[in-house]
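Colleague: Supplied in structure tokens, the structure appears directly below.
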Amino acid sequence: MKHQRQLVFFKHYFKEFFEPLNDKLKDKIDQVLFMVRIAERIPTKFFKHLTGTDGLFEIRIEFQNNIYRIFCCFDEGNLVVLFNGFQKKSQKIPKKEIDKALKIKDEYFELKKRSK
């Protein structure tokens with residue numbers, strides 16, 4: 001099975017979101033991340049660009065009537081860099097979560113630029 005994308009977890013941000021979750025939710029997240037890696041076209045139900053965020057995307061997971069989001073961005077073609085995640089409790093994505101993801105994204109690209 002050919003992978004369309006490579007996933008990278010930047011620093012500890014994703015792990016801090018993922019580790020405390022129950023095993024069934026972790027399995028569901030793993031299934032969605034696997035689909036992000038292998039699907040030629042990812043359905044917008046699971047993967048969507050956030051308008052006005054300069055390249056920030058969200059991976060969407062629905063589990064037991066709860067909604068979870070993982071922020072990410074693309075780098076170097078088909079490399080998807082995963083950032084923070086959270087449980088969504090309202091219709092709108094909280095601004096503080098978007099701001100956090102944008103800060104992590106800036107940190108990622110600044111670190112990458114300095115390492116060259």
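Ordering of the structure tokens sets the chain letters (A, B, ...), residue numbers begin anew at 1 in every chain, and ligands are numbered from 1 in the order given.
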Counting only C-alpha atoms, what is within 10 Å of Phe63 of chain A, bar same-chain residues fewer than 5 positions away, as a PyMOL selection string?

Modeller: chain A and resi 24-25+28-29+68

Colleague: Just write the chosen residues, N, CA, C and O atoms, as a PDB file, in the first residue's frame.

Modeller:
```pdb
ATOM      1  N   LYS A  24      -9.860   3.293  23.000  1.00  0.00           N
ATOM      2  CA  LYS A  24     -10.767   3.263  21.845  1.00  0.00           C
ATOM      3  C   LYS A  24     -10.667   4.557  21.043  1.00  0.00           C
ATOM      4  O   LYS A  24     -10.697   4.527  19.805  1.00  0.00           O
ATOM      5  N   LEU A  25     -10.542   5.668  21.724  1.00  0.00           N
ATOM      6  CA  LEU A  25     -10.367   6.945  21.023  1.00  0.00           C
ATOM      7  C   LEU A  25      -9.015   6.986  20.319  1.00  0.00           C
ATOM      8  O   LEU A  25      -8.922   7.435  19.181  1.00  0.00           O
ATOM      9  N   LYS A  28      -9.329   5.124  17.116  1.00  0.00           N
ATOM     10  CA  LYS A  28     -10.051   5.915  16.113  1.00  0.00           C
ATOM     11  C   LYS A  28      -9.124   6.968  15.507  1.00  0.00           C
ATOM     12  O   LYS A  28      -9.098   7.156  14.277  1.00  0.00           O
ATOM     13  N   ILE A  29      -8.353   7.644  16.339  1.00  0.00           N
ATOM     14  CA  ILE A  29      -7.406   8.645  15.836  1.00  0.00           C
ATOM     15  C   ILE A  29      -6.372   7.982  14.936  1.00  0.00           C
ATOM     16  O   ILE A  29      -6.056   8.503  13.860  1.00  0.00           O
ATOM     17  N   TYR A  68     -13.051  15.828  17.958  1.00  0.00           N
ATOM     18  CA  TYR A  68     -11.663  16.140  18.296  1.00  0.00           C
ATOM     19  C   TYR A  68     -11.004  16.735  17.061  1.00  0.00           C
ATOM     20  O   TYR A  68     -11.329  16.369  15.929  1.00  0.00           O
TER      21      TYR A  68
END
```

Colleague: Go through A:Leu33, A:Ala101, A:Ile38, A:Val80 and flag the residue nearest Asp54 of chain A, using only C-alpha atoms for the distances.

Modeller: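 The answer is A:Ala101, which sits nearest to Asp54 of chain A.
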
Colleague: Which residues come within 10 Å of Ile104 of chain A, counting only C-alpha atoms, excluding same-chain residues fewer than 5 positions away, as a ChimeraX atom specification?

Modeller: /A:10-11,13,71-72,82-84,98-99,109-110

Colleague: What would the file look like if the residues just selected were written as a PDB file, in the first residue's frame with C-alpha atoms?

Modeller:
```
ATOM      1  CA  PHE A  10       6.453  18.075  16.000  1.00  0.00           C
ATOM      2  CA  LYS A  11       8.002  18.080  19.471  1.00  0.00           C
ATOM      3  CA  TYR A  13       2.520  18.814  21.359  1.00  0.00           C
ATOM      4  CA  PHE A  71      -3.978  20.954  13.813  1.00  0.00           C
ATOM      5  CA  CYS A  72      -1.338  20.415  11.162  1.00  0.00           C
ATOM      6  CA  LEU A  82       1.079  17.443  13.315  1.00  0.00           C
ATOM      7  CA  PHE A  83       0.760  19.985  16.104  1.00  0.00           C
ATOM      8  CA  ASN A  84      -1.680  20.257  19.006  1.00  0.00           C
ATOM      9  CA  ILE A  98      -5.999  28.326  16.595  1.00  0.00           C
ATOM     10  CA  ASP A  99      -3.542  30.847  18.054  1.00  0.00           C
ATOM     11  CA  PHE A 109       9.368  26.669  10.510  1.00  0.00           C
ATOM     12  CA  GLU A 110      11.711  28.882  12.552  1.00  0.00           C
TER      13      GLU A 110
END
```

Colleague: Could you check which of A:Asp75, A:Lys2, A:Gly55, A:Asn66 is closest to Lys112 of chain A, using only C-alpha atoms?

Modeller: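 Ranking A:Asp75, A:Lys2, A:Gly55, A:Asn66 by distance to Lys112 of chain A, first place goes to A:Asp75.
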
Colleague: Please extract the residues of segment 5-98 of chain A with a backbone DSSP assignment of strand (DSSP E or B) and present them as a PyMOL selection string.

Modeller: chain A and resi 6-9+47-49+57-63+66-75+79-88

Colleague: Go ahead and save the residues from that selection, with C-alpha atoms, as a tab-separated table (two decimals), in the first residue's frame.

Modeller:
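Full text of selection-v5.tsv as output:
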```tsv
chain	number	residue	atom	x	y	z
A	6	GLN	CA	4.27	11.21	5.51
A	7	LEU	CA	3.23	12.28	9.01
A	8	VAL	CA	5.61	13.94	11.44
A	9	PHE	CA	4.84	14.77	15.06
A	47	PHE	CA	-9.32	16.98	6.71
A	48	LYS	CA	-9.91	20.64	6.05
A	49	HIS	CA	-7.98	23.88	5.48
A	57	PHE	CA	-5.27	22.49	8.46
A	58	GLU	CA	-7.36	20.44	10.86
A	59	ILE	CA	-7.77	16.69	11.05
A	60	ARG	CA	-11.26	15.95	12.33
A	61	ILE	CA	-12.20	12.92	14.42
A	62	GLU	CA	-15.71	12.12	15.61
A	63	PHE	CA	-15.99	9.59	18.44
A	66	ASN	CA	-17.54	14.05	20.67
A	67	ILE	CA	-15.45	15.91	18.15
A	68	TYR	CA	-11.66	16.14	18.30
A	69	ARG	CA	-9.35	18.29	16.19
A	70	ILE	CA	-5.66	17.97	15.43
A	71	PHE	CA	-3.98	20.95	13.81
A	72	CYS	CA	-1.34	20.42	11.16
A	73	CYS	CA	0.31	21.92	8.10
A	74	PHE	CA	2.06	20.74	4.96
A	75	ASP	CA	5.79	21.03	4.45
A	79	LEU	CA	4.92	15.95	4.54
A	80	VAL	CA	2.16	16.63	7.10
A	81	VAL	CA	3.42	18.09	10.37
A	82	LEU	CA	1.08	17.44	13.31
A	83	PHE	CA	0.76	19.98	16.10
A	84	ASN	CA	-1.68	20.26	19.01
A	85	GLY	CA	-5.07	18.61	19.40
A	86	PHE	CA	-8.14	19.27	21.51
A	87	GLN	CA	-11.73	18.21	22.10
A	88	LYS	CA	-14.12	20.60	20.41
```

Colleague: Atom CA of Phe34 of chain A and atom CA of Lys113 of chain A, how far apart in Å?

Modeller: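 Calculated distance between atom CA of Lys113 of chain A and atom CA of Phe34 of chain A is 28.5 Å.
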
Colleague: Would you give me, as a ChimeraX atom specification, the residues in chain A that DSSP reads as alpha helix (DSSP H)?

Modeller: /A:13-18,23-38,95-114

Colleague: In terms of the shortest atom-to-atom distance over only C-alpha atoms, which of A:His3, A:Thr53, A:Ser90, A:Ser115 is closest to Lys103 of chain A?

Modeller: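 Closest to Lys103 of chain A of all the choices is A:Thr53.
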
Colleague: One decimal, Å: what's the distance from atom CA of Phe18 of chain A over to atom CA of Leu102 of chain A, could you say?

Modeller: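 Spanning atom CA of Phe18 of chain A to atom CA of Leu102 of chain A is a straight-line distance of 19.1 Å.
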
Colleague: So, counting only C-alpha atoms, which residue among A:Met1, A:His12, A:Phe46, A:Arg37 is closest to Tyr108 of chain A?

Modeller: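 Closest to Tyr108 of chain A, using only C-alpha atoms: A:His12.
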
Colleague: Tell me which of A:Lys26, A:Phe14, A:Val36, A:Leu21 sits closest to Asn78 of chain A, counting only C-alpha atoms.

Modeller: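 Ranking A:Lys26, A:Phe14, A:Val36, A:Leu21 by distance to Asn78 of chain A, first place goes to A:Val36.
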
Colleague: Taking only C-alpha atoms into account, name the residue in A:Asp23, A:Asn65, A:Gly77, A:Leu50 that is nearest to Lys95 of chain A.

Modeller: A:Leu50

Colleague: How far is it from atom CA of Asp27 of chain A to atom CA of Lys92 of chain A, in Å with one decimal?

Modeller: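 Separating atom CA of Asp27 of chain A from atom CA of Lys92 of chain A is a distance of 25.5 Å.
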